[in-house]
Every structure is written in C-alpha cells, then in structure tokens.
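**Student:** I'd like to ask you about the structure that follows.
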Amino acid sequence: MKIFLDCLPQGFDNSACNDFIESSPLTTWLPVLNHLQQKFRLSEGTWEKIPQGANALFGLRDDVIVKLVPPNWRRQGDKEILVAPLLEGKLSLQTPKLIGSGEIDNWIFVISSRLSGVLLADVWPSLDIEQKRSIMIQTGQVLRELRTVTFDEDIAIKVDWPSYLQDLVSGCLARHKRRMMPEGLLAQVLPYIVAAGDFAKSGELRFIHMDIHPWNLMANQEDGRWKLDGLLDFGDAIVGSMRCTVNSGHSCFKPLAVVC
C-alpha cells in the first residue's frame with residue numbers, strides 16, 4: 001500500500017533525518033497519524049510521541065504503536081514487516097502483532113499491537129542480583145527459542161555470514177567512535193578481534209535478533225518480582241549461519257559483541 005499526503009520530508013541525509021525525527025513536535029506528524037487511524041480503523045484516542053529509538057514512534061492508547069521509518073534506513077521497516085508475523089506465537093514472550101503496513105510519502109509505516117509492561121531498562125537499575133540473574137536466565141531461554149524459529153529458505157533477511165561479519169569488522173571502529181568509546185578501549189578493539197581468530201565459522205542457518213538489550217525487552221511485575229514479558233524491535237534481525245550454541249559466556253559472543 002502506497003499513500004501520498006505530501007506531509008513527510010524527502011531527500012534528508014541521515015543527520016538531518018535524525019534531527020527532524022527528534023525535534024519535530026507531535027503536531028507535525030498528526031496529519032499522517034490521523035490518516036492511518038482512519039484508514040485502518042484504529043481505536044479513537046490521543047496520540048503520543050514516544051522518544052525512543054532512531055525512528056519516529058507513536059502510541060495510541062494502550063493498544064497501538066505506529067513506527068514511521070524514513071527512506072534512509074527503510075530496510076529496518078521492511079524487516080519489521082517481515083519478522084512480526086514470523087515470530088507471532090512462537091516465543092514464551094509476547095511480540096508485536098502486525099496490524100498494517102505500507103508506504104506513506106516514501107516512508108515505511110508499521111502499525112502493530114502495543115506490548116504490555118514497562119521497558120526492562122526502566123527497572124533494571126533497581127533490581128537486586130537475584131532478580132537480575134533470573135532475567136538473564138529468561139533471556140537465554142528466549143535466545144534458544146529464537147534459534148528454533150522456522151523460515152523459508154529464500155527469506156529476504158538471509159545474509160552471507162562471512163561477508164556480513166567482515167562488513168561488521170570493517171566498520172566497527174567508526175561505529176565505536178560515533179558512540180564515543182573511550183580512547184583506551186578503542187585502541188584495543190582490533191587487536192582483540194584479531195586475537196579471537198575465526199570466532200564465527202558458518203553453521204546451520206538461524207534467526208538472529210541482533211539487538212536484544214534492556215530497551216528492546218518488556219518486563220512485568222508478578223508477586224513483587226520482575227520477569228520478562230515481551231520482545232520488540234526487529235529492524236536489525238537477520239538469518240545467518242552462526243555456528244555457536246547459546247550458552248552463557250560462550251567465547252564467540254564476546255568478539256561478536258565488539259564488532260557490532
């Protein structure tokens with residue numbers, strides 16, 4: 001579905017696009033949001049702008065999320081549209097259900113269900129060590145579940161694993177500089193990767209989320225204890241042939257985390 005309203009900017013570079021998404025008030029986005037609300041017969045209510053992530057994110061009541069992805073990184077929107085149905089009902093955690101998708105002014109829009117709970121990042125600092133350990137065990141279980149997800153052989157998010165890893169290695173210093181890694185650590189990155197050797201030989205094709213962290217995990221409190229309840233954001237997901245198993249502290253994950 002392609003919609004043209006002439007409301008969203010075109011031709012921005014990445015920096016200008018980030019600035020527009022971050023600084024534009026809700027009123028700038030309302031023509032688009034109201035159109036989608038009517039087009040997809042979404043529930044009535046007031047929109048809110050959610051200041052999270054690189055894309056424009058909006059909530060409608062407690063049941064709908066709309067993500068607007070600019071042309072600059074439209075692959076993230078395409079992946080969200082592909083992966084949401086792939087994971088629906090497959091995990092012990094809730095995942096967003098796809099309600100609608102398409103293009104509006106060349107931006108990708110993704111309409112999905114809103115997950116219950118709170119971001120794990122909001123409660124993590126207040127948790128005691130036992131609750132943190134319990135959540136880490138849950139995270140390991142989810143990683144195992146993701147490894148069992150089935151997909152078509154020609155799925156669009158499949159990557160050539162050696163080439164994909166090489167691209168990550170080639171760009172990792174620039175990424176860490178942008179994220180302002182301390183100089184002392186930055187100097188250790190490439191020697192560490194070299195010392196790790198061939199840490200990611202090709203193996204069986206697996207679904208890999210690639211971006212699991214406390215801002216992409218939802219938590220709920222039960223009987224005074226926090227537990228994981230949801231997984232979101234599939235814009236970086238891939239299918240790759242990573243051969244290592246999901247064990248806590250597995251040696252291949254440390255260098256892989258460095259190159260990402």
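Just so we're on the same page: first chain in the structure tokens is A, next is B, and so on; residues restart at 1 for each chain, and ligands are numbered from 1 in the order they show up.
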Give me the residues within 12 Å of Lys132 (chain A) as a compact mmCIF listing (two decimals) with N, CA and C atoms, in the first residue's frame, counting only C-alpha atoms and dropping any in the same chain fewer than 4 places off.

**Tutor:**
# COMPACT_ATOMS: atom_id res chain seq x y z
N LEU A 120 12.42 -2.98 30.23
CA LEU A 120 13.34 -3.52 31.23
C LEU A 120 14.36 -2.48 31.66
N ALA A 121 14.77 -1.61 30.74
CA ALA A 121 15.76 -0.58 31.07
C ALA A 121 15.28 0.34 32.18
N VAL A 123 13.56 -0.46 34.85
CA VAL A 123 13.55 -1.08 36.18
C VAL A 123 14.86 -1.78 36.51
N TRP A 124 15.69 -2.04 35.51
CA TRP A 124 16.91 -2.82 35.73
C TRP A 124 17.79 -2.27 36.85
N PRO A 125 18.06 -0.95 36.92
CA PRO A 125 18.96 -0.46 37.97
C PRO A 125 18.45 -0.73 39.39
N SER A 126 17.15 -0.88 39.55
CA SER A 126 16.59 -1.06 40.89
C SER A 126 16.49 -2.53 41.31
N LEU A 127 16.82 -3.47 40.41
CA LEU A 127 16.67 -4.88 40.72
C LEU A 127 17.83 -5.42 41.54
N ASP A 128 17.53 -6.34 42.45
CA ASP A 128 18.61 -6.99 43.19
C ASP A 128 19.24 -8.07 42.32
N MET A 136 18.28 -12.81 33.34
CA MET A 136 19.30 -13.27 32.41
C MET A 136 19.03 -14.73 31.98
N ILE A 137 18.55 -15.54 32.91
CA ILE A 137 18.19 -16.92 32.56
C ILE A 137 17.03 -16.91 31.56
N GLN A 138 16.04 -16.03 31.80
CA GLN A 138 14.93 -15.90 30.85
C GLN A 138 15.43 -15.46 29.47
N THR A 139 16.38 -14.54 29.47
CA THR A 139 16.93 -14.06 28.20
C THR A 139 17.58 -15.20 27.43
N PRO A 214 18.15 -4.10 27.14
CA PRO A 214 17.04 -3.73 28.03
C PRO A 214 16.02 -2.76 27.44
N ALA A 219 9.06 -5.86 30.58
CA ALA A 219 9.01 -6.58 31.85
C ALA A 219 7.69 -6.30 32.55
N ARG A 225 7.97 -9.61 42.01
CA ARG A 225 9.19 -9.94 41.28
C ARG A 225 9.02 -9.56 39.82
N TRP A 226 10.09 -9.03 39.22
CA TRP A 226 10.04 -8.65 37.82
C TRP A 226 10.45 -9.82 36.94
N LYS A 227 9.77 -9.97 35.82
CA LYS A 227 10.11 -11.01 34.84
C LYS A 227 9.91 -10.48 33.44
N LEU A 228 10.63 -11.06 32.50
CA LEU A 228 10.49 -10.65 31.10
C LEU A 228 9.11 -11.03 30.59

**Student:** Contacts of Pro31 (chain A) at 10 Å or less, counting only C-alpha atoms, minus same-chain residues fewer than 5 places along, as an NGL selection string?

**Tutor:** :A and (5-8 or 26 or 36-37)

**Student:** Residues of region 19-239 of chain A in strand (DSSP E or B) according to DSSP, as a PDB file with N, CA and C atoms, in the first residue's frame?

**Tutor:**
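And here is the file that came out, out.pdb:
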ATOM      1  N   TRP A  47      -2.978  10.667  20.339  1.00  0.00           N
ATOM      2  CA  TRP A  47      -1.653  10.170  20.002  1.00  0.00           C
ATOM      3  C   TRP A  47      -0.607  10.709  20.962  1.00  0.00           C
ATOM      4  N   GLU A  48       0.433   9.935  21.182  1.00  0.00           N
ATOM      5  CA  GLU A  48       1.596  10.392  21.942  1.00  0.00           C
ATOM      6  C   GLU A  48       2.858  10.069  21.155  1.00  0.00           C
ATOM      7  N   LYS A  49       3.823  10.957  21.223  1.00  0.00           N
ATOM      8  CA  LYS A  49       5.120  10.705  20.593  1.00  0.00           C
ATOM      9  C   LYS A  49       6.025  10.042  21.620  1.00  0.00           C
ATOM     10  N   ILE A  50       6.634   8.924  21.225  1.00  0.00           N
ATOM     11  CA  ILE A  50       7.473   8.155  22.136  1.00  0.00           C
ATOM     12  C   ILE A  50       8.935   8.429  21.800  1.00  0.00           C
ATOM     13  N   ALA A  56      10.659   7.344  14.044  1.00  0.00           N
ATOM     14  CA  ALA A  56       9.567   8.086  14.671  1.00  0.00           C
ATOM     15  C   ALA A  56       8.556   7.081  15.229  1.00  0.00           C
ATOM     16  N   LEU A  57       8.289   7.165  16.519  1.00  0.00           N
ATOM     17  CA  LEU A  57       7.466   6.171  17.202  1.00  0.00           C
ATOM     18  C   LEU A  57       6.317   6.870  17.922  1.00  0.00           C
ATOM     19  N   PHE A  58       5.099   6.308  17.755  1.00  0.00           N
ATOM     20  CA  PHE A  58       3.913   6.937  18.321  1.00  0.00           C
ATOM     21  C   PHE A  58       3.001   5.876  18.928  1.00  0.00           C
ATOM     22  N   GLY A  59       2.343   6.246  20.017  1.00  0.00           N
ATOM     23  CA  GLY A  59       1.422   5.342  20.666  1.00  0.00           C
ATOM     24  C   GLY A  59       0.006   5.881  20.637  1.00  0.00           C
ATOM     25  N   LEU A  60      -0.964   4.979  20.536  1.00  0.00           N
ATOM     26  CA  LEU A  60      -2.379   5.321  20.576  1.00  0.00           C
ATOM     27  C   LEU A  60      -3.015   4.468  21.664  1.00  0.00           C
ATOM     28  N   VAL A  64      -1.992   0.350  20.470  1.00  0.00           N
ATOM     29  CA  VAL A  64      -1.449   0.522  19.112  1.00  0.00           C
ATOM     30  C   VAL A  64      -0.134   1.305  19.153  1.00  0.00           C
ATOM     31  N   ILE A  65       0.812   0.841  18.351  1.00  0.00           N
ATOM     32  CA  ILE A  65       2.066   1.552  18.108  1.00  0.00           C
ATOM     33  C   ILE A  65       2.208   1.777  16.605  1.00  0.00           C
ATOM     34  N   VAL A  66       2.604   2.982  16.217  1.00  0.00           N
ATOM     35  CA  VAL A  66       2.926   3.274  14.819  1.00  0.00           C
ATOM     36  C   VAL A  66       4.388   3.691  14.739  1.00  0.00           C
ATOM     37  N   LYS A  67       5.123   3.017  13.874  1.00  0.00           N
ATOM     38  CA  LYS A  67       6.519   3.360  13.627  1.00  0.00           C
ATOM     39  C   LYS A  67       6.632   3.888  12.211  1.00  0.00           C
ATOM     40  N   LEU A  68       7.242   5.069  12.059  1.00  0.00           N
ATOM     41  CA  LEU A  68       7.492   5.668  10.751  1.00  0.00           C
ATOM     42  C   LEU A  68       8.989   5.642  10.489  1.00  0.00           C
ATOM     43  N   VAL A  69       9.366   4.954   9.419  1.00  0.00           N
ATOM     44  CA  VAL A  69      10.778   4.732   9.106  1.00  0.00           C
ATOM     45  C   VAL A  69      11.133   5.515   7.852  1.00  0.00           C
ATOM     46  N   GLN A  94       5.666 -12.169  24.671  1.00  0.00           N
ATOM     47  CA  GLN A  94       4.813 -11.541  23.676  1.00  0.00           C
ATOM     48  C   GLN A  94       5.668 -10.752  22.687  1.00  0.00           C
ATOM     49  N   LEU A  98       1.444  -7.564  13.890  1.00  0.00           N
ATOM     50  CA  LEU A  98       1.334  -6.617  12.783  1.00  0.00           C
ATOM     51  C   LEU A  98      -0.129  -6.337  12.469  1.00  0.00           C
ATOM     52  N   ILE A  99      -0.496  -5.051  12.489  1.00  0.00           N
ATOM     53  CA  ILE A  99      -1.858  -4.620  12.185  1.00  0.00           C
ATOM     54  C   ILE A  99      -1.957  -4.105  10.751  1.00  0.00           C
ATOM     55  N   GLY A 100      -0.942  -3.377  10.306  1.00  0.00           N
ATOM     56  CA  GLY A 100      -0.936  -2.824   8.959  1.00  0.00           C
ATOM     57  C   GLY A 100       0.435  -2.283   8.619  1.00  0.00           C
ATOM     58  N   SER A 101       0.695  -2.116   7.326  1.00  0.00           N
ATOM     59  CA  SER A 101       1.995  -1.612   6.896  1.00  0.00           C
ATOM     60  C   SER A 101       1.889  -1.081   5.479  1.00  0.00           C
ATOM     61  N   GLY A 102       2.903  -0.342   5.079  1.00  0.00           N
ATOM     62  CA  GLY A 102       2.935   0.197   3.728  1.00  0.00           C
ATOM     63  C   GLY A 102       3.885   1.375   3.648  1.00  0.00           C
ATOM     64  N   GLU A 103       3.677   2.228   2.657  1.00  0.00           N
ATOM     65  CA  GLU A 103       4.485   3.432   2.476  1.00  0.00           C
ATOM     66  C   GLU A 103       3.586   4.651   2.492  1.00  0.00           C
ATOM     67  N   ILE A 104       4.095   5.700   3.128  1.00  0.00           N
ATOM     68  CA  ILE A 104       3.394   6.976   3.120  1.00  0.00           C
ATOM     69  C   ILE A 104       4.432   8.073   2.891  1.00  0.00           C
ATOM     70  N   TRP A 107       8.005   7.018   3.153  1.00  0.00           N
ATOM     71  CA  TRP A 107       8.408   6.494   4.443  1.00  0.00           C
ATOM     72  C   TRP A 107       7.657   5.179   4.668  1.00  0.00           C
ATOM     73  N   ILE A 108       8.306   4.234   5.330  1.00  0.00           N
ATOM     74  CA  ILE A 108       7.639   2.990   5.694  1.00  0.00           C
ATOM     75  C   ILE A 108       6.825   3.222   6.975  1.00  0.00           C
ATOM     76  N   PHE A 109       5.585   2.764   6.971  1.00  0.00           N
ATOM     77  CA  PHE A 109       4.832   2.788   8.235  1.00  0.00           C
ATOM     78  C   PHE A 109       4.539   1.359   8.667  1.00  0.00           C
ATOM     79  N   VAL A 110       4.677   1.136   9.965  1.00  0.00           N
ATOM     80  CA  VAL A 110       4.411  -0.168  10.565  1.00  0.00           C
ATOM     81  C   VAL A 110       3.456   0.049  11.729  1.00  0.00           C
ATOM     82  N   ILE A 111       2.273  -0.530  11.645  1.00  0.00           N
ATOM     83  CA  ILE A 111       1.278  -0.431  12.705  1.00  0.00           C
ATOM     84  C   ILE A 111       1.220  -1.777  13.415  1.00  0.00           C
ATOM     85  N   SER A 112       1.415  -1.768  14.707  1.00  0.00           N
ATOM     86  CA  SER A 112       1.454  -3.028  15.445  1.00  0.00           C
ATOM     87  C   SER A 112       0.780  -2.882  16.798  1.00  0.00           C
ATOM     88  N   SER A 113       0.535  -4.023  17.424  1.00  0.00           N
ATOM     89  CA  SER A 113      -0.041  -4.001  18.769  1.00  0.00           C
ATOM     90  C   SER A 113       0.991  -3.486  19.762  1.00  0.00           C
ATOM     91  N   VAL A 118       6.534  -2.620  31.085  1.00  0.00           N
ATOM     92  CA  VAL A 118       7.447  -1.478  31.015  1.00  0.00           C
ATOM     93  C   VAL A 118       8.763  -1.942  30.408  1.00  0.00           C
ATOM     94  N   LEU A 119       9.533  -0.999  29.899  1.00  0.00           N
ATOM     95  CA  LEU A 119      10.851  -1.352  29.376  1.00  0.00           C
ATOM     96  C   LEU A 119      11.723  -1.896  30.514  1.00  0.00           C
ATOM     97  N   LYS A 158      18.120 -13.119   4.912  1.00  0.00           N
ATOM     98  CA  LYS A 158      19.274 -14.026   4.985  1.00  0.00           C
ATOM     99  C   LYS A 158      20.524 -13.304   4.483  1.00  0.00           C
ATOM    100  N   SER A 202      30.859 -20.633   9.645  1.00  0.00           N
ATOM    101  CA  SER A 202      29.493 -20.869   9.192  1.00  0.00           C
ATOM    102  C   SER A 202      28.941 -22.162   9.770  1.00  0.00           C
ATOM    103  N   GLY A 203      27.667 -22.145  10.080  1.00  0.00           N
ATOM    104  CA  GLY A 203      26.977 -23.315  10.599  1.00  0.00           C
ATOM    105  C   GLY A 203      25.576 -23.360  10.032  1.00  0.00           C
ATOM    106  N   GLU A 204      24.647 -23.916  10.801  1.00  0.00           N
ATOM    107  CA  GLU A 204      23.265 -24.009  10.364  1.00  0.00           C
ATOM    108  C   GLU A 204      22.598 -22.637  10.382  1.00  0.00           C
ATOM    109  N   LEU A 205      21.745 -22.371   9.401  1.00  0.00           N
ATOM    110  CA  LEU A 205      21.052 -21.091   9.344  1.00  0.00           C
ATOM    111  C   LEU A 205      20.136 -20.935  10.546  1.00  0.00           C
ATOM    112  N   ARG A 206      20.203 -19.769  11.193  1.00  0.00           N
ATOM    113  CA  ARG A 206      19.390 -19.470  12.362  1.00  0.00           C
ATOM    114  C   ARG A 206      18.832 -18.057  12.260  1.00  0.00           C
ATOM    115  N   PHE A 207      17.678 -17.844  12.886  1.00  0.00           N
ATOM    116  CA  PHE A 207      17.172 -16.487  13.045  1.00  0.00           C
ATOM    117  C   PHE A 207      17.943 -15.817  14.179  1.00  0.00           C
ATOM    118  N   ILE A 208      18.419 -14.595  13.935  1.00  0.00           N
ATOM    119  CA  ILE A 208      19.194 -13.854  14.941  1.00  0.00           C
ATOM    120  C   ILE A 208      18.602 -12.457  15.078  1.00  0.00           C
ATOM    121  N   LEU A 217      13.376  -5.071  25.510  1.00  0.00           N
ATOM    122  CA  LEU A 217      12.720  -6.108  26.300  1.00  0.00           C
ATOM    123  C   LEU A 217      11.696  -5.463  27.221  1.00  0.00           C
ATOM    124  N   MET A 218      10.527  -6.069  27.313  1.00  0.00           N
ATOM    125  CA  MET A 218       9.473  -5.593  28.206  1.00  0.00           C
ATOM    126  C   MET A 218       9.436  -6.473  29.451  1.00  0.00           C
ATOM    127  N   ALA A 219       9.064  -5.856  30.578  1.00  0.00           N
ATOM    128  CA  ALA A 219       9.008  -6.581  31.847  1.00  0.00           C
ATOM    129  C   ALA A 219       7.688  -6.299  32.547  1.00  0.00           C
ATOM    130  N   ASN A 220       7.245  -7.269  33.314  1.00  0.00           N
ATOM    131  CA  ASN A 220       6.057  -7.132  34.149  1.00  0.00           C
ATOM    132  C   ASN A 220       6.381  -7.625  35.551  1.00  0.00           C
ATOM    133  N   GLN A 221       5.668  -7.101  36.516  1.00  0.00           N
ATOM    134  CA  GLN A 221       5.890  -7.491  37.905  1.00  0.00           C
ATOM    135  C   GLN A 221       4.796  -8.462  38.345  1.00  0.00           C
ATOM    136  N   GLU A 222       5.227  -9.592  38.892  1.00  0.00           N
ATOM    137  CA  GLU A 222       4.302 -10.591  39.411  1.00  0.00           C
ATOM    138  C   GLU A 222       4.719 -10.986  40.820  1.00  0.00           C
ATOM    139  N   ARG A 225       7.972  -9.609  42.014  1.00  0.00           N
ATOM    140  CA  ARG A 225       9.187  -9.939  41.278  1.00  0.00           C
ATOM    141  C   ARG A 225       9.020  -9.563  39.816  1.00  0.00           C
ATOM    142  N   TRP A 226      10.085  -9.028  39.224  1.00  0.00           N
ATOM    143  CA  TRP A 226      10.040  -8.648  37.824  1.00  0.00           C
ATOM    144  C   TRP A 226      10.454  -9.817  36.944  1.00  0.00           C
ATOM    145  N   LYS A 227       9.766  -9.973  35.818  1.00  0.00           N
ATOM    146  CA  LYS A 227      10.106 -11.012  34.844  1.00  0.00           C
ATOM    147  C   LYS A 227       9.914 -10.479  33.440  1.00  0.00           C
ATOM    148  N   LEU A 228      10.634 -11.056  32.496  1.00  0.00           N
ATOM    149  CA  LEU A 228      10.486 -10.651  31.101  1.00  0.00           C
ATOM    150  C   LEU A 228       9.112 -11.027  30.588  1.00  0.00           C
ATOM    151  N   ASP A 229       8.568 -10.139  29.739  1.00  0.00           N
ATOM    152  CA  ASP A 229       7.227 -10.403  29.214  1.00  0.00           C
ATOM    153  C   ASP A 229       7.098 -10.073  27.732  1.00  0.00           C
ATOM    154  N   GLY A 230       8.103  -9.414  27.128  1.00  0.00           N
ATOM    155  CA  GLY A 230       7.952  -9.045  25.727  1.00  0.00           C
ATOM    156  C   GLY A 230       9.282  -8.760  25.051  1.00  0.00           C
ATOM    157  N   LEU A 231       9.305  -8.972  23.739  1.00  0.00           N
ATOM    158  CA  LEU A 231      10.475  -8.698  22.903  1.00  0.00           C
ATOM    159  C   LEU A 231      10.012  -7.886  21.707  1.00  0.00           C
ATOM    160  N   ILE A 238      18.427 -10.731  11.318  1.00  0.00           N
ATOM    161  CA  ILE A 238      18.970 -11.413  10.148  1.00  0.00           C
ATOM    162  C   ILE A 238      18.738 -12.909  10.295  1.00  0.00           C
ATOM    163  N   VAL A 239      18.907 -13.609   9.201  1.00  0.00           N
ATOM    164  CA  VAL A 239      19.079 -15.056   9.227  1.00  0.00           C
ATOM    165  C   VAL A 239      20.511 -15.306   8.774  1.00  0.00           C
TER     166      VAL A 239
END

**Student:** Could you find all residues in region 5-243 of chain A that DSSP calls alpha helix (DSSP H) from the backbone, and write them as a PyMOL selection string?

**Tutor:** chain A and resi 14-23+26-39+74-87+120-123+129-147+161-178+183-196

**Student:** Measure the distance from CA of Val149 (chain A) to CA of Lys90 (chain A) in Å and round it to one decimal.

**Tutor:**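 Between CA of Val149 (chain A) and CA of Lys90 (chain A) the gap works out to 7.1 Å.
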
**Student:** A:Thr27, A:Ser116, A:Asn14, A:Gln52: which is nearest Pro96 (chain A), counting only C-alpha atoms?

**Tutor:**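 Among the listed residues, the smallest separation from Pro96 (chain A) belongs to A:Ser116.
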